[in-house]
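Shown next: start.txt, given as compact mmCIF, C-alpha atoms.
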# COMPACT_ATOMS: atom_id res chain seq x y z
CA MET A 1 0.00 0.00 0.00
CA GLU A 2 1.84 3.09 1.22
CA TYR A 3 5.14 1.29 0.58
CA VAL A 4 4.53 1.78 -3.12
CA GLU A 5 4.09 5.51 -2.53
CA LEU A 6 7.20 5.54 -0.36
CA LEU A 7 9.19 4.09 -3.24
CA ARG A 8 7.67 6.62 -5.63
CA ALA A 9 8.48 9.52 -3.29
CA ARG A 10 12.02 8.27 -2.72
CA ARG A 11 12.60 8.00 -6.46
CA ALA A 12 11.33 11.53 -7.00
CA LEU A 13 13.54 12.90 -4.21
CA ILE A 14 16.62 11.10 -5.52
CA TRP A 15 16.12 12.52 -9.01
CA TYR A 16 15.35 15.98 -7.66
CA GLY A 17 18.31 15.97 -5.27
CA ALA A 18 20.70 14.70 -7.93
CA ILE A 19 19.66 17.40 -10.42
CA LEU A 20 19.64 20.12 -7.76
CA PHE A 21 23.09 19.44 -6.33
CA SER A 22 24.57 18.78 -9.77
CA CYS A 23 23.43 22.27 -10.78
CA VAL A 24 24.87 23.71 -7.55
CA ALA A 25 28.19 21.94 -8.07
CA LEU A 26 28.39 23.09 -11.69
CA GLY A 27 27.51 26.65 -10.75
CA LEU A 28 30.13 26.79 -7.99
CA ALA A 29 32.74 25.22 -10.25
CA LEU A 30 32.17 27.96 -12.81
CA ALA A 31 32.19 30.64 -10.12
CA PHE A 32 35.51 29.46 -8.68
CA LYS A 33 37.26 28.55 -11.94
CA ASP A 34 39.37 31.74 -11.78
CA GLY A 35 39.68 31.79 -8.00
CA PRO A 36 37.31 32.79 -5.21
CA PRO A 37 34.61 35.13 -6.54
CA ARG A 38 34.48 38.70 -5.26
CA ILE A 39 30.98 39.97 -4.70
CA GLN A 40 30.48 43.52 -3.51
CA MET A 41 27.03 44.57 -2.39
CA SER A 42 27.52 48.32 -2.61
CA HIS A 43 24.03 49.20 -3.79
CA ALA A 44 23.13 50.41 -0.30
CA SER A 45 24.91 51.60 2.83
CA ASN A 46 23.63 48.56 4.75
CA PRO A 47 23.20 45.72 2.24
CA MET A 48 21.19 42.77 3.45
CA ILE A 49 19.61 39.55 2.24
CA PRO A 50 16.35 38.76 4.09
CA VAL A 51 16.18 35.06 4.96
CA GLN A 52 12.50 34.99 3.98
CA TYR A 53 13.52 35.55 0.35
CA LEU A 54 15.66 32.42 0.51
CA LEU A 55 12.71 30.55 1.99
CA ALA A 56 10.62 31.70 -0.95
CA GLY A 57 13.24 30.49 -3.40
CA ALA A 58 13.56 27.15 -1.63
CA ALA A 59 9.79 26.73 -1.84
CA PHE A 60 10.21 25.82 -5.48
CA GLY A 61 11.55 22.48 -4.28
CA PRO A 62 8.29 21.18 -2.83
CA LEU A 63 6.33 23.16 -5.42
CA ILE A 64 8.07 21.29 -8.23
CA LEU A 65 7.37 17.91 -6.64
CA ALA A 66 3.90 18.63 -5.23
CA ALA A 67 1.92 18.04 -8.41
CA PHE A 68 3.80 14.88 -9.32
CA LEU A 69 3.59 13.34 -5.84
CA ALA A 70 -0.13 14.11 -5.82
CA VAL A 71 -0.83 11.49 -8.49
CA GLY A 72 -0.06 8.65 -6.07
CA LEU A 73 -3.67 7.94 -5.12
CA ASP A 74 -4.73 8.18 -8.74
CA ALA A 75 -2.08 5.60 -9.63
CA GLU A 76 -4.10 3.09 -7.60
CA TYR A 77 -7.09 3.56 -9.90
CA LYS A 78 -6.41 0.48 -12.01
CA THR A 79 -5.67 -1.75 -9.02
CA VAL A 80 -8.29 -0.38 -6.63
CA ALA A 81 -10.11 -3.72 -6.63
CA ILE A 82 -7.05 -5.28 -4.99
CA THR A 83 -6.52 -2.31 -2.69
CA TRP A 84 -10.05 -2.64 -1.31
CA THR A 85 -9.30 -6.21 -0.16
CA ARG A 86 -6.67 -5.04 2.34
CA PRO A 87 -7.60 -5.52 6.03
CA ILE A 88 -7.53 -1.77 6.67
CA SER A 89 -10.01 1.01 6.18
CA ARG A 90 -9.95 2.90 2.90
CA LEU A 91 -9.53 6.21 4.70
CA ALA A 92 -6.47 4.89 6.55
CA ILE A 93 -4.92 3.88 3.22
CA ALA A 94 -5.49 7.35 1.79
CA ILE A 95 -4.11 9.05 4.91
CA ARG A 96 -0.96 6.94 4.76
CA TYR A 97 -0.39 7.96 1.14
CA VAL A 98 -0.85 11.62 2.04
CA ALA A 99 1.51 11.30 5.03
CA VAL A 100 4.25 9.84 2.83
CA ASP A 101 3.82 12.64 0.30
CA GLY A 102 3.85 15.26 3.06
CA GLY A 103 7.16 13.95 4.34
CA ALA A 104 8.57 14.01 0.81
CA LEU A 105 7.51 17.65 0.37
CA LEU A 106 9.22 18.59 3.62
CA ALA A 107 12.36 16.71 2.57
CA ALA A 108 12.39 18.54 -0.77
CA TRP A 109 12.19 21.88 1.04
CA VAL A 110 15.06 20.95 3.34
CA LEU A 111 17.19 19.75 0.42
CA THR A 112 16.57 23.00 -1.44
CA LEU A 113 17.37 25.11 1.62
CA VAL A 114 20.64 23.23 2.09
CA ALA A 115 21.54 23.90 -1.55
CA VAL A 116 20.60 27.59 -1.31
CA PHE A 117 22.56 28.23 1.90
CA ALA A 118 25.52 26.26 0.54
CA VAL A 119 25.72 28.63 -2.41
CA VAL A 120 25.22 31.72 -0.25
CA PHE A 121 28.05 30.86 2.13
CA ALA A 122 30.33 29.44 -0.56
CA ILE A 123 30.37 32.73 -2.48
CA GLY A 124 30.86 34.74 0.71
CA ILE A 125 27.60 36.61 1.11
CA GLY A 126 26.34 34.76 4.17
CA LYS A 127 27.32 37.74 6.33
CA TYR A 128 24.57 39.75 4.67
CA LEU A 129 21.79 37.42 5.84
CA VAL A 130 19.25 38.95 8.18
CA ILE A 131 16.28 37.31 9.85
CA GLY A 132 13.17 39.42 9.43
CA PRO A 133 10.31 39.59 11.92
CA GLN A 134 8.05 37.47 9.70
CA VAL A 135 10.52 34.80 8.69
CA GLY A 136 8.55 32.03 10.45
CA THR A 137 5.26 33.14 8.95
CA PHE A 138 6.81 33.36 5.52
CA GLY A 139 8.11 29.83 5.93
CA LEU A 140 4.58 28.65 6.68
CA LEU A 141 3.36 30.51 3.59
CA VAL A 142 5.78 29.01 1.11
CA PHE A 143 5.33 25.47 2.39
CA GLY A 144 1.58 26.07 2.55
CA ALA A 145 1.64 26.92 -1.16
CA ALA A 146 3.12 23.49 -1.85
CA VAL A 147 0.46 21.87 0.34
CA MET A 148 -2.22 23.80 -1.52
CA TRP A 149 -0.86 22.72 -4.91
CA TYR A 150 -0.66 19.12 -3.75
CA GLY A 151 -4.19 19.18 -2.35
CA LEU A 152 -5.77 20.69 -5.45
CA VAL A 153 -4.07 18.18 -7.76
CA VAL A 154 -5.12 15.29 -5.51
CA LEU A 155 -8.69 16.57 -5.58
CA VAL A 156 -8.86 17.00 -9.35
CA THR A 157 -7.25 13.60 -10.02
CA THR A 158 -9.73 12.01 -7.64
CA LEU A 159 -12.65 13.60 -9.48
CA LEU A 160 -11.14 12.67 -12.87
CA PRO A 161 -9.46 9.30 -12.23
CA GLY A 162 -6.97 7.86 -14.66
CA ARG A 163 -5.70 11.25 -15.84
CA GLY A 164 -3.17 11.96 -13.11
CA ASN A 165 -0.11 12.76 -15.23
CA ALA A 166 -2.07 15.05 -17.56
CA ILE A 167 -3.58 16.92 -14.61
CA ALA A 168 -0.20 17.26 -12.87
CA GLY A 169 1.33 18.72 -16.02
CA GLY A 170 -1.68 20.93 -16.66
CA SER A 171 -1.44 22.39 -13.16
CA TRP A 172 1.85 24.01 -14.15
CA GLY A 173 0.22 25.60 -17.14
CA TYR A 174 -2.56 26.89 -14.91
CA ALA A 175 -0.13 28.30 -12.34
CA LEU A 176 1.98 30.09 -14.95
CA ILE A 177 -0.70 31.29 -17.38
CA VAL A 178 -3.50 32.48 -15.09
CA PRO A 179 -1.50 35.36 -13.52
CA GLY A 180 -0.79 36.68 -17.01
CA LEU A 181 -4.46 36.48 -17.95
CA ALA A 182 -5.35 38.50 -14.85
CA SER A 183 -3.15 41.36 -16.09
CA ILE A 184 -4.80 41.55 -19.53
CA PRO A 185 -7.46 44.32 -19.81
CA PHE A 186 -10.39 42.04 -20.55
CA PRO A 187 -13.97 43.33 -20.20
CA PRO A 188 -14.77 43.89 -16.50
CA LEU A 189 -16.71 40.65 -15.91
CA LEU A 190 -14.14 38.46 -17.65
CA HIS A 191 -11.31 40.30 -15.92
CA GLN A 192 -12.86 39.61 -12.50
CA ALA A 193 -13.16 35.94 -13.45
CA MET A 194 -9.45 35.82 -14.32
CA VAL A 195 -8.57 37.50 -11.04
CA ALA A 196 -10.77 35.06 -9.11
CA LEU A 197 -8.96 32.10 -10.69
CA ASN A 198 -5.77 33.26 -8.98
CA TYR A 199 -7.28 32.45 -5.60
CA LEU A 200 -6.81 28.80 -6.60
CA ASN A 201 -3.27 29.43 -7.80
CA PRO A 202 -0.63 28.63 -5.13
CA MET A 203 1.98 30.76 -6.88
CA ALA A 204 -0.22 33.83 -6.58
CA TYR A 205 -0.01 33.70 -2.77
CA ILE A 206 3.79 33.82 -2.86
CA GLY A 207 4.15 36.31 -5.70
CA ASN A 208 5.07 39.94 -5.04
CA GLN A 209 5.69 39.43 -1.33
CA GLY A 210 7.84 42.24 -0.07
CA SER A 211 7.84 44.10 -3.38
CA GLY A 212 6.30 47.38 -4.31
CA SER A 213 4.24 45.97 -7.13
CA HIS A 214 0.53 45.34 -6.90
CA PRO A 215 -0.03 41.81 -5.58
CA LEU A 216 -2.22 39.32 -7.40
CA ILE A 217 -4.07 38.58 -4.17
CA ILE A 218 -4.70 41.28 -1.59
CA GLY A 219 -3.76 40.38 1.97
CA THR A 220 -0.94 40.14 4.48
CA ILE A 221 1.63 37.35 4.69
CA PRO A 222 -0.14 35.70 7.68
CA GLN A 223 -3.47 35.85 5.83
CA HIS A 224 -1.92 34.28 2.74
CA ALA A 225 -0.29 31.56 4.85
CA ILE A 226 -3.58 30.68 6.52
CA ALA A 227 -5.39 30.65 3.17
CA THR A 228 -2.92 28.28 1.51
CA TRP A 229 -3.05 25.80 4.38
CA LEU A 230 -6.84 25.91 4.65
CA ILE A 231 -7.34 25.42 0.91
CA GLY A 232 -4.74 22.66 0.71
CA LEU A 233 -5.97 20.71 3.73
CA ALA A 234 -9.61 21.12 2.71
CA ALA A 235 -8.83 19.82 -0.78
CA VAL A 236 -7.00 16.81 0.67
CA ALA A 237 -9.86 16.09 3.08
CA ILE A 238 -12.46 16.19 0.30
CA ALA A 239 -10.27 14.15 -2.05
CA THR A 240 -9.67 11.36 0.45
CA GLN A 241 -13.39 11.10 1.20
CA VAL A 242 -14.19 10.90 -2.51
CA TRP A 243 -11.43 8.35 -3.05
CA THR A 244 -12.75 6.03 -0.31
CA LYS A 245 -16.15 5.95 -2.04
CA ARG A 246 -14.74 5.14 -5.47
CA GLU A 247 -16.40 2.23 -7.23
CA VAL A 248 -14.31 -0.59 -8.65
CA PRO A 249 -13.79 0.07 -12.39
CA ALA A 250 -15.12 -2.57 -14.73

What is this file in structure tokens?
Amino acid sequence: MEYVELLRARRALIWYGAILFSCVALGLALAFKDGPPRIQMSHASNPMIPVQYLLAGAAFGPLILAAFLAVGLDAEYKTVAITWTRPISRLAIAIRYVAVDGGALLAAWVLTLVAVFAVVFAIGIGKYLVIGPQVGTFGLLVFGAAVMWYGLVVLVTTLLPGRGNAIAGGSWGYALIVPGLASIPFPPLLHQAMVALNYLNPMAYIGNQGSGSHPLIIGTIPQHAIATWLIGLAAVAIATQVWTKREVPA
């Protein structure tokens, strides 16, 4: 049961970690090929790198894997007749799958943070790191965005079984295209519809944090963090309930 998902998550993490650290190693090799790099941050009298920005960048780790881990329950669609014969409740099976995926998302975030901080300290700019007052809340936000993405993909794949890979890939198109559509001057009603679609876009909750530009979604960082977690957990809860009531395909 969940052992299959554990193997799937481990395989995804191995591939992700190998690609990530290969890119880091290649980047550092190029940076140090002529000796230690000299980086001067003279754009301000007190240059600084807020840690929450690194957390945001590291969030792309679990975000990249979220959609693809979310197809685990859907992968059981063809063998659900066998799954239902297990001496365990259907809900318990679904929860175990979700727990494995949640651990994999957390591991991806940690791996990405390690890679990011390794680069920062290797090139000598670690001394510019500062911990902002909302660093913990921002951490909850970026990981919550991954949970939200995971939950929405699980929900859609549960409602449309057998199409997991297509839905996972399509979720990236949705996340990248919808923000652009919201900035196009459509007629008022259509424009509001495009804006509303961003409330189901995890990337929109992270975008523009700390910048002077107009955010896609109005609200503070704590409000965005709460929203992502609520949407993600609600989607997972609905999806698992739907999955437990799935009929055996003919």

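Distances from A:Tyr53, A:Phe68, A:Tyr16, A:Tyr97 to Glu2 in chain A were compared using all atoms listed in the file, and the smallest one belongs to A:Tyr97.
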
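Nearest residue to Arg90 in chain A among A:Trp172, A:Phe21, A:Phe186, A:Trp243 is A:Trp243, counting all atoms listed in the file.
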
Would you pick out the contacts of Val236 in chain A at 7 Å or less, using only C-alpha atoms, so that residues sharing its chain but fewer than 2 positions from it are not included, and give the list as a short mmCIF file (atom, residue, chain, number, x, y, z; two decimals) with C-alpha atoms, keeping the file's coordinate frame?
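Generated output (selection14.cif):
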data_model
loop_
_atom_site.label_atom_id
_atom_site.label_comp_id
_atom_site.auth_asym_id
_atom_site.auth_seq_id
_atom_site.Cartn_x
_atom_site.Cartn_y
_atom_site.Cartn_z
CA GLY A 151 -4.19 19.18 -2.35
CA VAL A 154 -5.12 15.29 -5.51
CA LEU A 155 -8.69 16.57 -5.58
CA GLY A 232 -4.74 22.66 0.71
CA LEU A 233 -5.97 20.71 3.73
CA ALA A 234 -9.61 21.12 2.71
CA ILE A 238 -12.46 16.19 0.30
CA ALA A 239 -10.27 14.15 -2.05
CA THR A 240 -9.67 11.36 0.45
#

Quiz item: If you count only C-alpha atoms, which residues fall within 10 Å of Leu141 in chain A, apart from same-chain ones fewer than 6 positions away, as number ranges by chain?
Solution: A: 55-56, 59, 135, 147, 202, 205-206, 221-229

Quiz item: Could you name the residues that touch Leu105 in chain A at 10 Å or less, counting only C-alpha atoms, but leaving out those on the same chain fewer than 5 positions away, as a PyMOL selection string?
Solution: chain A and resi 9+13+59+61-66+69+99-100+110-111+143+146-147+150

Quiz prompt | A:Gln134, A:Gln192, A:Ser183, A:Thr158 ranked by distance to Ala237 in chain A, top pick (using only C-alpha atoms) | solution =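 Among A:Gln134, A:Gln192, A:Ser183, A:Thr158, it is A:Thr158 that comes nearest to Ala237 in chain A.
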
Quiz item: In Å to one decimal, how far is CA of Ile217 in chain A from CA of Asn201 in chain A?
Solution: 9.9 Å

Exercise. Enter the distance from CA of Pro133 in chain A to CA of Phe117 in chain A, in Å, rounded to one decimal.
Key: 19.5 Å

Quiz prompt | Residue nearest Ile95 in chain A - candidates A:Gly72, A:Gly57, A:Gly136, A:Gly169, atoms counted: all atoms listed in the file | solution = A:Gly72

Self-check item: Nearest to Ile19 in chain A, chosen from A:Val130, A:Val156, A:Ala115, A:Ile125, with only C-alpha atoms counted in the distances
Solution: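 When distances to Ile19 in chain A are compared using only C-alpha atoms, the smallest one comes from A:Ala115.
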
Quiz item: Which residue gives the smallest distance to Ala25 in chain A among A:Ile88, A:Val98, A:Met48, A:Val119, with all atoms listed in the file counted?
Solution: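 For Ala25 in chain A, the nearest of the candidates is A:Val119.
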
Practice problem: Work out how far apart CA of Ala94 in chain A and CA of Leu73 in chain A are and give it in Å to one decimal. | Solution: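 It comes out at 7.2 Å.
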
Exercise on range 158-177 of chain A, axis-aligned box with 5 Å per side, report centre and edge lengths in Å to one decimal, as JSON:
{"center_x": -5.3, "center_y": 19.6, "center_z": -12.6, "size_x": 24.6, "size_y": 33.4, "size_z": 19.9}

Practice problem: Extract, using all atoms listed in the file, all DNA, RNA and protein residues at most 12 Å from Val178 in chain A, discarding same-chain residues fewer than 6 positions from it, and format them as a list in words. | Solution: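 Counting only the stated atoms, we get Gly170, Ser171, Trp172, Ile184, His191, Ala193, Met194, Val195, Ala196, Leu197, Asn198, Tyr199, Leu200, Asn201, Pro202, Met203, Ala204 and Leu216 of chain A.
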
Quick one: range 117-129 of chain A from the block, all heavy atoms, as a PDB file, in the first residue's frame.
ATOM      1  N   PHE A 117      21.620  27.692   0.909  1.00  0.00           N
ATOM      2  CA  PHE A 117      22.558  28.226   1.900  1.00  0.00           C
ATOM      3  C   PHE A 117      23.998  27.826   1.567  1.00  0.00           C
ATOM      4  O   PHE A 117      24.938  28.569   1.874  1.00  0.00           O
ATOM      5  CB  PHE A 117      22.177  27.755   3.301  1.00  0.00           C
ATOM      6  CG  PHE A 117      21.051  28.539   3.903  1.00  0.00           C
ATOM      7  CD1 PHE A 117      19.793  27.986   4.031  1.00  0.00           C
ATOM      8  CD2 PHE A 117      21.242  29.839   4.334  1.00  0.00           C
ATOM      9  CE1 PHE A 117      18.740  28.705   4.584  1.00  0.00           C
ATOM     10  CE2 PHE A 117      20.198  30.575   4.885  1.00  0.00           C
ATOM     11  CZ  PHE A 117      18.948  30.010   5.006  1.00  0.00           C
ATOM     12  N   ALA A 118      24.171  26.663   0.947  1.00  0.00           N
ATOM     13  CA  ALA A 118      25.517  26.255   0.542  1.00  0.00           C
ATOM     14  C   ALA A 118      26.091  27.242  -0.468  1.00  0.00           C
ATOM     15  O   ALA A 118      27.268  27.630  -0.378  1.00  0.00           O
ATOM     16  CB  ALA A 118      25.474  24.844  -0.048  1.00  0.00           C
ATOM     17  N   VAL A 119      25.273  27.659  -1.413  1.00  0.00           N
ATOM     18  CA  VAL A 119      25.723  28.627  -2.412  1.00  0.00           C
ATOM     19  C   VAL A 119      25.996  29.978  -1.764  1.00  0.00           C
ATOM     20  O   VAL A 119      27.027  30.624  -2.022  1.00  0.00           O
ATOM     21  CB  VAL A 119      24.678  28.773  -3.533  1.00  0.00           C
ATOM     22  CG1 VAL A 119      25.037  29.925  -4.464  1.00  0.00           C
ATOM     23  CG2 VAL A 119      24.547  27.472  -4.315  1.00  0.00           C
ATOM     24  N   VAL A 120      25.088  30.410  -0.895  1.00  0.00           N
ATOM     25  CA  VAL A 120      25.222  31.722  -0.251  1.00  0.00           C
ATOM     26  C   VAL A 120      26.532  31.820   0.529  1.00  0.00           C
ATOM     27  O   VAL A 120      27.276  32.808   0.423  1.00  0.00           O
ATOM     28  CB  VAL A 120      24.015  31.986   0.667  1.00  0.00           C
ATOM     29  CG1 VAL A 120      24.289  33.179   1.581  1.00  0.00           C
ATOM     30  CG2 VAL A 120      22.763  32.244  -0.167  1.00  0.00           C
ATOM     31  N   PHE A 121      26.840  30.802   1.314  1.00  0.00           N
ATOM     32  CA  PHE A 121      28.051  30.857   2.133  1.00  0.00           C
ATOM     33  C   PHE A 121      29.304  30.561   1.316  1.00  0.00           C
ATOM     34  O   PHE A 121      30.386  31.071   1.625  1.00  0.00           O
ATOM     35  CB  PHE A 121      27.934  29.887   3.311  1.00  0.00           C
ATOM     36  CG  PHE A 121      27.031  30.379   4.405  1.00  0.00           C
ATOM     37  CD1 PHE A 121      25.730  29.932   4.510  1.00  0.00           C
ATOM     38  CD2 PHE A 121      27.485  31.325   5.316  1.00  0.00           C
ATOM     39  CE1 PHE A 121      24.894  30.395   5.512  1.00  0.00           C
ATOM     40  CE2 PHE A 121      26.662  31.802   6.323  1.00  0.00           C
ATOM     41  CZ  PHE A 121      25.357  31.343   6.421  1.00  0.00           C
ATOM     42  N   ALA A 122      29.171  29.756   0.268  1.00  0.00           N
ATOM     43  CA  ALA A 122      30.331  29.441  -0.562  1.00  0.00           C
ATOM     44  C   ALA A 122      30.845  30.674  -1.298  1.00  0.00           C
ATOM     45  O   ALA A 122      32.057  30.844  -1.470  1.00  0.00           O
ATOM     46  CB  ALA A 122      29.982  28.338  -1.556  1.00  0.00           C
ATOM     47  N   ILE A 123      29.947  31.540  -1.732  1.00  0.00           N
ATOM     48  CA  ILE A 123      30.370  32.732  -2.479  1.00  0.00           C
ATOM     49  C   ILE A 123      30.595  33.938  -1.560  1.00  0.00           C
ATOM     50  O   ILE A 123      30.859  35.044  -2.030  1.00  0.00           O
ATOM     51  CB  ILE A 123      29.368  33.089  -3.588  1.00  0.00           C
ATOM     52  CG1 ILE A 123      27.995  33.445  -2.998  1.00  0.00           C
ATOM     53  CG2 ILE A 123      29.239  31.946  -4.577  1.00  0.00           C
ATOM     54  CD1 ILE A 123      26.967  33.833  -4.054  1.00  0.00           C
ATOM     55  N   GLY A 124      30.465  33.716  -0.249  1.00  0.00           N
ATOM     56  CA  GLY A 124      30.857  34.740   0.709  1.00  0.00           C
ATOM     57  C   GLY A 124      29.856  35.823   1.014  1.00  0.00           C
ATOM     58  O   GLY A 124      30.250  36.917   1.448  1.00  0.00           O
ATOM     59  N   ILE A 125      28.581  35.568   0.806  1.00  0.00           N
ATOM     60  CA  ILE A 125      27.595  36.608   1.115  1.00  0.00           C
ATOM     61  C   ILE A 125      26.708  36.207   2.296  1.00  0.00           C
ATOM     62  O   ILE A 125      25.690  36.844   2.558  1.00  0.00           O
ATOM     63  CB  ILE A 125      26.719  36.938  -0.108  1.00  0.00           C
ATOM     64  CG1 ILE A 125      25.962  35.697  -0.606  1.00  0.00           C
ATOM     65  CG2 ILE A 125      27.553  37.525  -1.226  1.00  0.00           C
ATOM     66  CD1 ILE A 125      24.985  36.003  -1.733  1.00  0.00           C
ATOM     67  N   GLY A 126      27.112  35.173   3.008  1.00  0.00           N
ATOM     68  CA  GLY A 126      26.338  34.756   4.169  1.00  0.00           C
ATOM     69  C   GLY A 126      26.275  35.815   5.251  1.00  0.00           C
ATOM     70  O   GLY A 126      25.315  35.866   6.022  1.00  0.00           O
ATOM     71  N   LYS A 127      27.295  36.688   5.306  1.00  0.00           N
ATOM     72  CA  LYS A 127      27.321  37.736   6.326  1.00  0.00           C
ATOM     73  C   LYS A 127      26.225  38.779   6.133  1.00  0.00           C
ATOM     74  O   LYS A 127      25.941  39.566   7.036  1.00  0.00           O
ATOM     75  CB  LYS A 127      28.682  38.425   6.320  1.00  0.00           C
ATOM     76  CG  LYS A 127      29.041  39.062   4.976  1.00  0.00           C
ATOM     77  CD  LYS A 127      30.449  39.613   4.999  1.00  0.00           C
ATOM     78  CE  LYS A 127      30.845  40.188   3.633  1.00  0.00           C
ATOM     79  NZ  LYS A 127      32.231  40.703   3.641  1.00  0.00           N
ATOM     80  N   TYR A 128      25.617  38.780   4.943  1.00  0.00           N
ATOM     81  CA  TYR A 128      24.567  39.753   4.673  1.00  0.00           C
ATOM     82  C   TYR A 128      23.172  39.230   5.035  1.00  0.00           C
ATOM     83  O   TYR A 128      22.187  39.952   4.880  1.00  0.00           O
ATOM     84  CB  TYR A 128      24.570  40.148   3.199  1.00  0.00           C
ATOM     85  CG  TYR A 128      25.848  40.817   2.745  1.00  0.00           C
ATOM     86  CD1 TYR A 128      26.675  40.209   1.806  1.00  0.00           C
ATOM     87  CD2 TYR A 128      26.233  42.055   3.255  1.00  0.00           C
ATOM     88  CE1 TYR A 128      27.843  40.809   1.379  1.00  0.00           C
ATOM     89  CE2 TYR A 128      27.412  42.665   2.839  1.00  0.00           C
ATOM     90  CZ  TYR A 128      28.217  42.038   1.908  1.00  0.00           C
ATOM     91  OH  TYR A 128      29.373  42.636   1.504  1.00  0.00           O
ATOM     92  N   LEU A 129      23.092  37.996   5.492  1.00  0.00           N
ATOM     93  CA  LEU A 129      21.791  37.422   5.838  1.00  0.00           C
ATOM     94  C   LEU A 129      21.216  38.088   7.081  1.00  0.00           C
ATOM     95  O   LEU A 129      21.928  38.315   8.068  1.00  0.00           O
ATOM     96  CB  LEU A 129      21.916  35.918   6.081  1.00  0.00           C
ATOM     97  CG  LEU A 129      22.233  35.035   4.869  1.00  0.00           C
ATOM     98  CD1 LEU A 129      22.418  33.590   5.316  1.00  0.00           C
ATOM     99  CD2 LEU A 129      21.116  35.128   3.836  1.00  0.00           C
TER     100      LEU A 129
END
